[in-house]
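Chemist: So here's protein.tsv, just TSV, C-alpha atoms:
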chain	number	residue	atom	x	y	z
A	132	MET	CA	102.49	106.02	72.76
A	133	GLU	CA	103.32	103.26	70.26
A	134	PHE	CA	104.58	104.10	66.77
A	135	ALA	CA	104.09	102.06	63.61
A	136	ASN	CA	107.67	100.77	63.83
A	137	GLY	CA	106.97	99.24	67.25
A	138	LYS	CA	108.77	101.95	69.24
A	139	LYS	CA	107.03	102.71	72.55
A	140	LEU	CA	107.27	105.90	74.59
A	141	PHE	CA	106.00	106.15	78.15
A	142	ALA	CA	105.16	109.29	80.10
A	143	GLY	CA	108.39	111.10	80.90
A	144	ASP	CA	110.48	109.27	78.28
A	145	VAL	CA	112.69	111.24	75.90
A	146	ILE	CA	114.25	110.16	72.61
A	147	GLY	CA	116.68	112.01	70.41
A	148	THR	CA	118.67	115.02	71.48
A	149	VAL	CA	117.66	116.47	74.83
A	150	SER	CA	119.24	119.42	76.58
A	151	GLU	CA	120.51	119.22	80.14
A	152	GLU	CA	117.88	121.72	81.22
A	153	GLN	CA	115.08	119.57	79.78
A	154	LEU	CA	116.45	116.55	81.61
A	155	HIS	CA	116.62	118.47	84.88
A	156	ARG	CA	113.06	119.71	84.37
A	157	ILE	CA	111.92	116.11	84.10
A	158	GLN	CA	113.86	115.11	87.22
A	159	ILE	CA	112.48	117.98	89.28
A	160	ARG	CA	108.95	117.23	88.11
A	161	GLU	CA	109.29	113.51	88.93
A	162	THR	CA	110.71	114.34	92.38
A	163	ILE	CA	107.75	116.57	93.22
A	164	LEU	CA	105.28	113.96	91.94
A	165	SER	CA	106.91	111.24	94.03
A	166	HIS	CA	107.01	113.55	97.06
A	167	ILE	CA	103.32	114.44	96.84
A	168	GLU	CA	102.26	110.83	96.38
A	169	ARG	CA	104.31	109.70	99.38
A	170	GLU	CA	103.07	112.67	101.42
A	171	ARG	CA	99.45	111.80	100.73
A	172	GLN	CA	100.07	108.21	101.84
A	173	LEU	CA	101.78	109.17	105.09
A	174	PHE	CA	99.81	112.27	106.04
A	175	ALA	CA	97.36	110.42	108.29
A	176	LYS	CA	100.29	108.72	110.05
A	177	GLY	CA	101.74	112.08	111.03
A	178	VAL	CA	104.95	111.66	109.05
A	179	LYS	CA	106.44	114.74	107.39
A	180	VAL	CA	108.02	113.97	104.00
A	181	LEU	CA	111.26	115.62	102.88
A	182	SER	CA	112.95	115.61	99.47
A	183	LEU	CA	116.62	116.34	98.84
A	184	PHE	CA	118.16	117.71	95.64
A	185	PHE	CA	121.91	117.42	95.02
A	186	ILE	CA	122.84	120.10	92.49
A	187	ASP	CA	125.92	120.84	90.39
A	188	GLU	CA	126.18	124.62	90.90
A	189	VAL	CA	125.02	126.83	93.75
A	190	ALA	CA	124.22	129.66	91.30
A	191	LYS	CA	121.60	127.46	89.63
A	192	TYR	CA	119.57	127.60	92.82
A	193	LYS	CA	120.40	131.01	94.24
A	194	GLN	CA	122.01	134.14	92.80
A	195	TYR	CA	122.76	137.69	93.92
A	196	ASP	CA	122.74	140.81	91.79
A	197	GLY	CA	125.26	143.63	91.99
A	198	THR	CA	123.49	145.27	94.91
A	199	GLY	CA	123.32	142.05	96.91
A	200	ASN	CA	119.66	141.29	96.37
A	201	ALA	CA	118.90	137.58	96.11
A	202	LYS	CA	116.96	135.92	93.33
A	203	GLY	CA	116.19	132.36	92.46
A	204	GLY	CA	118.38	130.46	90.05
A	205	ILE	CA	117.10	128.22	87.28
A	206	TYR	CA	116.48	125.25	89.59
A	207	ALA	CA	114.44	127.35	92.01
A	208	ASP	CA	112.41	128.77	89.11
A	209	ILE	CA	111.76	125.35	87.60
A	210	PHE	CA	110.82	123.93	91.00
A	211	GLU	CA	108.26	126.62	91.74
A	212	GLU	CA	106.78	126.37	88.24
A	213	LYS	CA	106.42	122.59	88.42
A	214	TYR	CA	105.26	122.59	92.04
A	215	LYS	CA	102.40	125.01	91.35
A	216	SER	CA	101.31	123.00	88.31
A	217	ILE	CA	101.45	119.64	90.09
A	218	ILE	CA	99.70	120.86	93.22
A	219	GLY	CA	96.90	122.25	91.07
A	220	ASP	CA	96.35	118.81	89.54
A	221	MET	CA	96.98	116.64	92.61
A	222	ARG	CA	94.63	118.58	94.85
A	223	LEU	CA	91.75	117.53	92.62
A	224	ALA	CA	92.64	113.88	93.08
A	225	THR	CA	92.88	113.68	96.87
A	226	ASP	CA	89.88	113.11	99.13
A	227	SER	CA	91.58	114.25	102.36
A	228	GLN	CA	90.33	117.66	103.44
A	229	ASP	CA	93.03	117.85	106.11
A	230	TYR	CA	95.70	117.26	103.47
A	231	LEU	CA	94.11	119.86	101.19
A	232	ALA	CA	94.24	122.38	104.03
A	233	TYR	CA	97.89	121.46	104.62
A	234	LEU	CA	98.74	122.15	100.96
A	235	ASP	CA	96.78	125.41	100.99
A	236	GLY	CA	98.87	126.63	103.89
A	237	ILE	CA	102.22	126.26	102.07
A	238	SER	CA	103.32	128.39	99.11
A	239	ALA	CA	105.76	127.18	96.47
A	240	ALA	CA	108.28	129.85	97.48
A	241	ARG	CA	108.27	128.88	101.17
A	242	THR	CA	108.44	125.11	100.80
A	243	HIS	CA	112.02	124.92	99.51
A	244	ALA	CA	115.31	126.05	101.02
A	245	GLY	CA	119.00	125.52	100.37
A	246	TYR	CA	122.19	124.99	102.29
A	247	PHE	CA	125.56	125.23	100.57
A	248	SER	CA	129.17	125.46	101.61
A	249	VAL	CA	129.19	129.20	100.77
A	250	ASP	CA	126.68	129.69	103.60
A	251	LYS	CA	128.71	127.88	106.26
A	252	LYS	CA	129.80	131.03	108.09
A	253	SER	CA	126.27	132.43	107.81
A	254	GLY	CA	126.12	136.15	108.57
A	255	LYS	CA	129.78	137.19	108.57
A	256	MET	CA	130.79	135.66	105.28
A	257	LEU	CA	127.59	136.70	103.49
A	258	ASP	CA	127.68	140.22	104.90
A	259	SER	CA	131.09	140.74	103.37
A	260	LYS	CA	130.16	139.16	100.09
A	261	LEU	CA	126.81	140.89	99.76
A	262	GLY	CA	127.87	144.42	100.65
A	263	ASN	CA	126.47	144.28	104.20
A	264	LYS	CA	122.98	143.21	103.16
A	265	LYS	CA	122.26	141.86	106.64
A	266	GLU	CA	118.64	141.02	105.92
A	267	GLN	CA	119.68	138.58	103.17
A	268	ALA	CA	122.47	137.15	105.27
A	269	SER	CA	119.90	136.57	107.99
A	270	ASP	CA	117.75	134.55	105.57
A	271	ASP	CA	120.69	132.36	104.60
A	272	ALA	CA	121.71	131.86	108.23
A	273	ALA	CA	118.12	130.91	109.12
A	274	ALA	CA	118.07	128.29	106.35
A	275	TYR	CA	121.40	126.94	107.61
A	276	ASP	CA	120.16	126.69	111.20
A	277	LEU	CA	116.90	125.03	110.16
A	278	ILE	CA	118.52	122.36	107.98
A	279	MET	CA	121.71	121.68	109.89
A	280	LYS	CA	120.83	122.36	113.52
A	281	ASP	CA	117.09	122.38	114.17
A	282	LYS	CA	116.05	118.90	113.07
A	283	GLU	CA	112.98	118.82	115.30
A	284	ARG	CA	111.57	121.98	113.73
A	285	LEU	CA	112.36	120.73	110.22
A	286	LEU	CA	110.41	117.54	110.93
A	287	ASP	CA	107.45	119.49	112.32
A	288	ARG	CA	104.68	119.82	109.72
A	289	ARG	CA	104.11	123.39	110.87
A	290	GLU	CA	107.48	124.20	109.28
A	291	PRO	CA	106.77	124.74	105.54
A	292	VAL	CA	110.19	123.63	104.21
A	293	ARG	CA	109.84	120.19	102.61
A	294	PHE	CA	112.33	120.38	99.71
A	295	ILE	CA	116.05	120.95	100.33
A	296	PHE	CA	118.66	121.89	97.73
A	297	SER	CA	122.32	121.23	98.43
A	298	HIS	CA	125.67	121.17	96.63
A	299	SER	CA	128.17	118.89	98.36
A	300	ALA	CA	127.94	120.02	101.96
A	301	LEU	CA	125.20	117.56	102.95
A	302	ARG	CA	126.95	114.48	101.65
A	303	GLU	CA	128.82	114.12	104.91
A	304	GLY	CA	127.88	115.13	108.43
A	305	TRP	CA	124.13	115.50	107.81
A	306	ASP	CA	121.24	113.13	107.57
A	307	ASN	CA	117.55	113.22	108.31
A	308	PRO	CA	115.23	110.26	108.97
A	309	ASN	CA	112.42	111.63	106.80
A	310	VAL	CA	114.17	112.04	103.44
A	311	PHE	CA	112.00	109.99	101.10
A	312	GLN	CA	113.17	111.34	97.71
A	313	ILE	CA	116.69	112.11	96.51
A	314	CYS	CA	117.18	113.80	93.16
A	315	THR	CA	120.67	113.96	91.65
A	316	LEU	CA	120.91	117.03	89.43
A	317	LYS	CA	124.66	116.50	89.14
A	318	GLN	CA	127.07	113.93	87.76
A	319	SER	CA	128.55	111.62	90.39
A	320	GLY	CA	132.08	110.77	89.30
A	321	SER	CA	134.18	107.89	90.55
A	322	ASP	CA	135.45	110.03	93.42
A	323	VAL	CA	131.92	110.75	94.65
A	324	ARG	CA	130.39	107.65	96.14
A	325	LYS	CA	126.72	107.08	95.37
A	326	ARG	CA	126.15	105.64	98.80
A	327	GLN	CA	127.14	108.96	100.39
A	328	GLU	CA	124.23	110.62	98.60
A	329	VAL	CA	121.78	107.75	98.88
A	330	GLY	CA	122.75	107.29	102.52
A	331	ARG	CA	121.02	110.58	103.33
A	332	GLY	CA	117.70	108.75	102.95
A	333	LEU	CA	118.42	105.39	104.56
A	334	ARG	CA	117.18	106.05	108.09
A	335	LEU	CA	113.83	104.93	109.47
A	336	ALA	CA	111.28	107.75	109.46
A	337	VAL	CA	109.74	109.32	112.57
A	338	ASN	CA	106.25	110.73	113.09
A	339	GLN	CA	105.19	114.02	114.66
A	340	SER	CA	105.55	112.51	118.13
A	341	GLY	CA	109.15	111.54	117.45
A	342	GLU	CA	108.29	107.83	117.33
A	343	ARG	CA	110.40	105.81	114.91
A	344	MET	CA	108.41	103.95	112.29
A	345	ASP	CA	109.89	100.53	113.04
A	346	GLU	CA	108.66	97.12	114.16
A	347	THR	CA	108.01	98.33	117.71
A	348	LEU	CA	105.21	100.50	116.36
A	349	LEU	CA	104.19	98.85	113.06
A	350	SER	CA	103.99	95.46	111.42
A	351	ARG	CA	106.98	94.36	109.37
A	352	GLU	CA	105.03	94.87	106.16
A	353	GLU	CA	104.09	98.43	107.17
A	354	VAL	CA	107.71	99.21	108.05
A	355	TYR	CA	108.81	98.20	104.56
A	356	ASN	CA	105.92	100.00	102.86
A	357	ILE	CA	106.58	103.27	104.69
A	358	ASN	CA	110.38	103.38	104.71
A	359	ILE	CA	110.97	103.51	100.96
A	360	LEU	CA	113.57	105.81	99.41
A	361	THR	CA	112.98	106.91	95.81
A	362	VAL	CA	116.01	108.11	93.86
A	363	ILE	CA	115.44	110.22	90.75
A	364	ALA	CA	118.80	109.60	89.11
A	365	ASN	CA	120.47	111.36	86.18
A	366	GLU	CA	121.45	108.06	84.60
A	367	SER	CA	119.65	104.93	83.44
A	368	TYR	CA	118.07	102.75	86.11
A	369	ASP	CA	120.25	99.78	85.16
A	370	ASP	CA	123.46	101.79	85.49
A	371	PHE	CA	122.35	103.32	88.76
A	372	ALA	CA	121.19	100.04	90.31
A	373	LYS	CA	124.34	98.16	89.32
A	374	GLY	CA	126.55	100.94	90.62
A	375	LEU	CA	124.69	101.18	93.91
A	376	GLN	CA	124.65	97.43	94.43
A	377	SER	CA	128.39	97.37	93.87
A	378	GLU	CA	128.83	100.11	96.48
A	379	ILE	CA	126.63	98.27	98.99
A	380	ALA	CA	128.46	94.99	98.44
A	381	GLU	CA	131.76	96.69	99.27
A	382	THR	CA	130.45	97.97	102.60
A	383	VAL	CA	129.11	94.58	103.73
A	384	ALA	CA	131.99	92.41	102.56
A	385	ASP	CA	132.53	91.13	106.12
A	386	ARG	CA	128.90	90.07	106.65
A	387	PRO	CA	127.80	86.46	106.03
A	388	ARG	CA	125.66	85.87	102.95
A	389	LYS	CA	124.28	82.37	103.73
A	390	VAL	CA	122.74	80.71	106.78
A	391	GLU	CA	125.10	77.86	107.58
A	392	SER	CA	125.78	75.88	110.74
A	393	GLN	CA	129.27	77.40	110.90
A	394	LEU	CA	127.70	80.76	111.80
A	395	PHE	CA	126.69	79.43	115.23
A	396	VAL	CA	129.86	77.50	116.13
A	397	GLU	CA	131.67	80.34	117.89
A	398	LYS	CA	128.79	81.08	120.28
A	399	PHE	CA	127.25	77.64	120.74
A	400	GLY	CA	129.85	75.03	119.83
A	401	GLU	CA	129.87	72.71	116.83
A	402	GLU	CA	127.24	70.16	117.93
A	403	THR	CA	124.71	72.76	119.07
A	404	ALA	CA	125.37	74.80	115.91
A	405	ILE	CA	124.33	71.82	113.79
A	406	VAL	CA	121.14	71.37	115.86
A	407	ILE	CA	120.23	75.06	115.45
A	408	HIS	CA	120.84	74.97	111.70
A	409	GLU	CA	118.80	71.79	111.19
A	410	ASN	CA	115.98	73.24	113.30
A	411	LEU	CA	115.88	76.39	111.14
A	412	ILE	CA	115.52	74.27	108.02
A	413	GLN	CA	112.88	71.95	109.54
A	414	ASN	CA	110.74	74.90	110.65
A	415	GLY	CA	110.88	76.47	107.21
A	416	TYR	CA	113.04	79.39	108.30
A	417	VAL	CA	115.89	78.65	105.92
A	418	LYS	CA	115.73	77.50	102.32
A	419	ARG	CA	118.83	77.07	100.17
A	420	GLY	CA	120.82	79.02	102.72
A	421	GLU	CA	118.50	82.06	102.75
A	422	LEU	CA	116.03	83.26	105.37
A	423	THR	CA	112.41	82.80	104.30
A	424	GLU	CA	109.36	85.01	104.64
A	425	LYS	CA	108.09	82.58	107.31
A	426	TYR	CA	111.09	83.43	109.50
A	427	TYR	CA	110.46	87.16	109.24
A	428	GLN	CA	106.75	86.68	109.92
A	429	ASP	CA	107.32	84.51	113.00
A	430	LYS	CA	109.97	86.94	114.23
A	431	GLN	CA	107.44	89.78	113.91
A	432	ASN	CA	104.82	87.74	115.80
A	433	GLY	CA	107.29	86.55	118.45
A	434	THR	CA	106.61	82.91	117.62
A	435	ILE	CA	109.99	81.71	116.35
A	436	GLU	CA	110.51	78.05	117.25
A	437	ILE	CA	113.89	77.46	118.90
A	438	PRO	CA	115.42	74.06	119.88
A	439	GLU	CA	114.60	73.30	123.51
A	440	GLU	CA	118.25	73.01	124.52
A	441	THR	CA	118.95	76.55	123.30
A	442	ALA	CA	115.65	78.22	124.18
A	443	VAL	CA	117.26	80.49	126.79
A	444	GLN	CA	119.62	81.77	124.10
A	445	ALA	CA	116.92	82.63	121.55
A	446	ALA	CA	117.92	86.30	121.45
A	447	GLU	CA	121.52	85.36	120.61
A	448	ILE	CA	120.40	83.06	117.79
A	449	ILE	CA	118.23	85.80	116.30
A	450	ALA	CA	121.13	88.25	116.60
A	451	VAL	CA	123.28	85.92	114.51
A	452	LEU	CA	120.53	85.65	111.89
A	453	ASP	CA	120.15	89.44	111.84
A	454	SER	CA	123.79	89.70	110.75
A	455	ILE	CA	123.01	87.94	107.45
A	456	TYR	CA	123.21	90.18	104.41
A	457	ASP	CA	120.22	89.62	102.14
A	458	ALA	CA	121.13	90.89	98.67
A	459	ASN	CA	117.57	90.48	97.41
A	460	ALA	CA	116.16	92.59	100.23
A	461	ASN	CA	118.63	95.36	99.39
A	462	LYS	CA	118.13	95.31	95.64
A	463	PRO	CA	116.82	98.63	94.27
A	464	GLU	CA	113.44	98.45	92.56
A	465	ASN	CA	112.69	100.30	89.36
A	466	ALA	CA	109.83	102.61	90.37
A	467	ARG	CA	108.74	102.94	86.73
A	468	LYS	CA	108.53	99.22	86.00
A	469	ASN	CA	104.74	99.19	86.38
A	470	ASN	CA	103.96	101.37	83.38
A	471	VAL	CA	100.59	100.46	81.91
A	472	ASN	CA	100.17	99.74	78.22
A	473	ILE	CA	97.05	101.44	76.87
A	474	THR	CA	95.55	99.83	73.78
A	475	LEU	CA	93.89	101.81	71.01
A	476	ASP	CA	90.14	101.48	70.70
A	477	LYS	CA	89.67	101.97	66.96
A	478	SER	CA	85.87	102.17	67.27
A	479	LYS	CA	86.29	105.34	69.33
A	480	LEU	CA	89.14	106.66	67.17
A	481	TYR	CA	86.95	106.58	64.06
A	482	SER	CA	83.75	107.64	65.79
A	483	LYS	CA	82.04	110.80	64.55
A	484	ALA	CA	82.39	112.48	67.94
A	485	PHE	CA	86.18	112.02	68.11
A	486	GLN	CA	86.69	112.93	64.45
A	487	ALA	CA	84.73	116.14	65.02
A	488	LEU	CA	86.89	116.96	68.05
A	489	TRP	CA	90.10	116.11	66.20
A	490	SER	CA	89.18	118.36	63.30
A	491	GLN	CA	89.05	121.27	65.75
A	492	ILE	CA	92.31	120.63	67.62
A	493	ASN	CA	94.68	119.05	65.09
A	494	ARG	CA	95.58	122.41	63.51
A	495	LYS	CA	97.42	123.47	66.68
A	496	SER	CA	100.44	121.46	65.59
A	497	TYR	CA	102.27	121.01	62.32
A	498	TYR	CA	105.21	119.05	60.98
A	499	SER	CA	107.74	120.57	58.64
A	500	TYR	CA	110.56	118.94	56.73
A	501	TYR	CA	113.53	120.69	55.11
A	502	ASN	CA	115.09	118.66	52.28
A	503	SER	CA	118.00	121.02	51.82
A	504	SER	CA	119.44	120.40	55.26
A	505	PHE	CA	117.96	116.99	55.98
A	506	TYR	CA	116.47	118.56	59.06
A	507	SER	CA	113.03	117.87	60.47
A	508	ARG	CA	111.25	119.26	63.46
A	509	PHE	CA	107.96	119.14	65.30
A	510	CYS	CA	106.54	122.52	66.26
A	511	ARG	CA	103.71	123.46	68.58
A	512	ARG	CA	101.97	126.80	68.22
For the structure just supplied, provide its representation as structure tokens.
Modeler:
Amino acid sequence: MEFANGKKLFAGDVIGTVSEEQLHRIQIRETILSHIERERQLFAKGVKVLSLFFIDEVAKYKQYDGTGNAKGGIYADIFEEKYKSIIGDMRLATDSQDYLAYLDGISAARTHAGYFSVDKKSGKMLDSKLGNKKEQASDDAAAYDLIMKDKERLLDRREPVRFIFSHSALREGWDNPNVFQICTLKQSGSDVRKRQEVGRGLRLAVNQSGERMDETLLSREEVYNINILTVIANESYDDFAKGLQSEIAETVADRPRKVESQLFVEKFGEETAIVIHENLIQNGYVKRGELTEKYYQDKQNGTIEIPEETAVQAAEIIAVLDSIYDANANKPENARKNNVNITLDKSKLYSKAFQALWSQINRKSYYSYYNSSFYSRFCRR
């Protein structure tokens, strides 16, 4: 939407004052949308997609009344509301009958689960806290076992849980290869490293046969297209990307950044190191100190050209090149950068058909302005 003053708003954008709950609603909605889109893409490949929510308070996901009966918190309620709405729309857009049947077999209530530090002792701790409501304690213990212990079952598409809510317990000691979306419904302070959260989704995915989706099974391009982590952050993309890049740079400070002859001296000696470096440049594998797409393509095809005098040590040369840190390859991409600008077709706007339609629907909204308090608002009936 473009206003007369040139201001543009895209789907999902918010201007002005916005409550924390509204922001979290948007994040949860965007996470589900991203999950479904990724799931549709990978369904035929037999890859189960998981999404992980980091939340600020356990009670916002799960609560207990005075008699120990469990009920969903605000995050659980929002999730189920948005999930049902999105599934209703997305199912009309997919042409995969198998995927439709898969969605039909999973209810909104069964497809999410949570693990929190309060559940660590499963039955015993919850029994005491909940007034010996063993059936509820059993549910919490089952969720704990599924998420923390039974990874194979969690990755099986016959298991309905696809969305996991956690407080801080999953930041260390837990990871899963099929986490494709991470949503941060909490503020990450300086003492909470972003990479600990993002790291939960930085493993190569596996399919239903347990095969890792890497270059032994797929082409390099497919590996990169499949193994994408989307982060729905509670801060601007620029702030998030800069912060994450800073964190990554700290962890790889000891890795070389440029392809130079000095990299090969220790293993091959100075003269041979120069020959290897010159050969990489001549074959188009290195340009301005960085590995080129040609290198990665030839590596994928097994056709890398190595100097004759070092041909028997090809694997060692490639191992040295694999140690190079490529900042561009690790740079986060803004998933919303491809927004499409839609131009106004004035001939249709002023057509009789549209004007007739508009005359019927424009009374559903009104704008009111209060001079006394300098307050304006937009209301929808």
Chemist: For segment 156-165 of chain A, please output as number ranges by chain all residues within 6 Å (counting all atoms listed in the file; exclusion window: fewer than 3 positions along the same chain).
Modeler: A: 153, 168, 213
Chemist: Could you give me, as a ChimeraX atom specification, the residues that sit within 9 Å of (114.2, 111.7, 109.3) in the file's coordinates, counting all atoms listed in the file?
Modeler: /A:179-181,282,286,306-311,332-338,343
Chemist: Here is a test: counting only C-alpha atoms, which residue of A:Arg293, A:Arg284, A:Lys317, A:Arg351 is nearest to Val189 of chain A?
Modeler: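 Under the stated criterion, the closest residue is A:Lys317.
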Chemist: Would you please work out which residue, of A:Ala240, A:Met221, A:Val178, A:Ala232, is nearest to Leu285 of chain A when using all atoms listed in the file?
Modeler: A:Val178
Chemist: Find the residues near Ile278 of chain A: any atom within 9 Å, counting only C-alpha atoms, skip ones fewer than 5 places away on the same chain, and give them as a PDB file with C-alpha atoms, in the coordinates of the input.
Modeler:
ATOM      1  CA  ALA A 244     115.310 126.050 101.020  1.00  0.00           C
ATOM      2  CA  GLY A 245     119.000 125.520 100.370  1.00  0.00           C
ATOM      3  CA  TYR A 246     122.190 124.990 102.290  1.00  0.00           C
ATOM      4  CA  ALA A 273     118.120 130.910 109.120  1.00  0.00           C
ATOM      5  CA  LEU A 285     112.360 120.730 110.220  1.00  0.00           C
ATOM      6  CA  ILE A 295     116.050 120.950 100.330  1.00  0.00           C
ATOM      7  CA  TRP A 305     124.130 115.500 107.810  1.00  0.00           C
TER       8      TRP A 305
END
Chemist: Could you check the closest approach to Phe399 of chain A for each of A:Ile357, A:Leu183, A:Val451, A:Ile412 and tell me which residue wins, using only C-alpha atoms?
Modeler: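 Closest to Phe399 of chain A, using only C-alpha atoms: A:Val451.
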Chemist: What separation in Å, quoted to one decimal, exists between atom CA of Thr474 of chain A and atom CA of Gly137 of chain A?
Modeler: 13.2 Å
Chemist: With distances taken over only C-alpha atoms, which of A:Asp281, A:Glu391, A:Asp287, A:Glu328 is nearest to Phe185 of chain A?
Modeler: A:Glu328
Chemist: Tell me, in Å to one decimal, how far atom CA of His155 of chain A is from atom CA of Phe210 of chain A.
Modeler: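 Result for atom CA of His155 of chain A versus atom CA of Phe210 of chain A: 10.0 Å, one decimal.
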Chemist: Could you work out how far atom CA of Met344 of chain A lies from atom CA of Asn358 of chain A, giving the answer in Å with one decimal?
Modeler: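 According to the coordinates, atom CA of Asn358 of chain A and atom CA of Met344 of chain A are separated by 7.9 Å.
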Chemist: Please, can segment 390-408 of chain A be completed to N, CA and C atoms and returned as a compact mmCIF listing (two decimals), keeping the file's coordinate frame?
Modeler:
# COMPACT_ATOMS: atom_id res chain seq x y z
N VAL A 390 122.97 81.28 105.45
CA VAL A 390 122.74 80.71 106.78
C VAL A 390 123.30 79.30 106.80
N GLU A 391 124.42 79.15 107.48
CA GLU A 391 125.10 77.86 107.58
C GLU A 391 125.36 77.55 109.05
N SER A 392 125.55 76.28 109.35
CA SER A 392 125.78 75.88 110.74
C SER A 392 127.03 76.53 111.32
N GLN A 393 128.02 76.81 110.45
CA GLN A 393 129.27 77.40 110.90
C GLN A 393 129.07 78.77 111.56
N LEU A 394 127.98 79.44 111.22
CA LEU A 394 127.70 80.76 111.80
C LEU A 394 127.52 80.69 113.32
N PHE A 395 127.05 79.55 113.82
CA PHE A 395 126.69 79.43 115.23
C PHE A 395 127.76 78.74 116.08
N VAL A 396 128.83 78.28 115.42
CA VAL A 396 129.86 77.50 116.13
C VAL A 396 130.53 78.31 117.23
N GLU A 397 130.91 79.54 116.92
CA GLU A 397 131.67 80.34 117.89
C GLU A 397 130.90 80.56 119.18
N LYS A 398 129.60 80.80 119.08
CA LYS A 398 128.79 81.08 120.28
C LYS A 398 128.26 79.83 120.97
N PHE A 399 127.97 78.78 120.17
CA PHE A 399 127.25 77.64 120.74
C PHE A 399 128.02 76.32 120.66
N GLY A 400 129.14 76.28 120.00
CA GLY A 400 129.85 75.03 119.83
C GLY A 400 129.36 74.28 118.61
N GLU A 401 130.16 73.36 118.12
CA GLU A 401 129.87 72.71 116.83
C GLU A 401 128.60 71.87 116.86
N GLU A 402 128.41 71.04 117.90
CA GLU A 402 127.24 70.16 117.93
C GLU A 402 125.93 70.97 118.02
N THR A 403 125.91 71.94 118.92
CA THR A 403 124.71 72.76 119.07
C THR A 403 124.45 73.59 117.80
N ALA A 404 125.52 74.03 117.14
CA ALA A 404 125.37 74.80 115.91
C ALA A 404 124.65 73.99 114.85
N ILE A 405 124.98 72.70 114.77
CA ILE A 405 124.33 71.82 113.79
C ILE A 405 122.85 71.67 114.13
N VAL A 406 122.54 71.51 115.42
CA VAL A 406 121.14 71.37 115.86
C VAL A 406 120.34 72.62 115.50
N ILE A 407 120.92 73.79 115.76
CA ILE A 407 120.23 75.06 115.45
C ILE A 407 119.97 75.17 113.96
N HIS A 408 120.98 74.85 113.15
CA HIS A 408 120.84 74.97 111.70
C HIS A 408 119.78 74.02 111.16
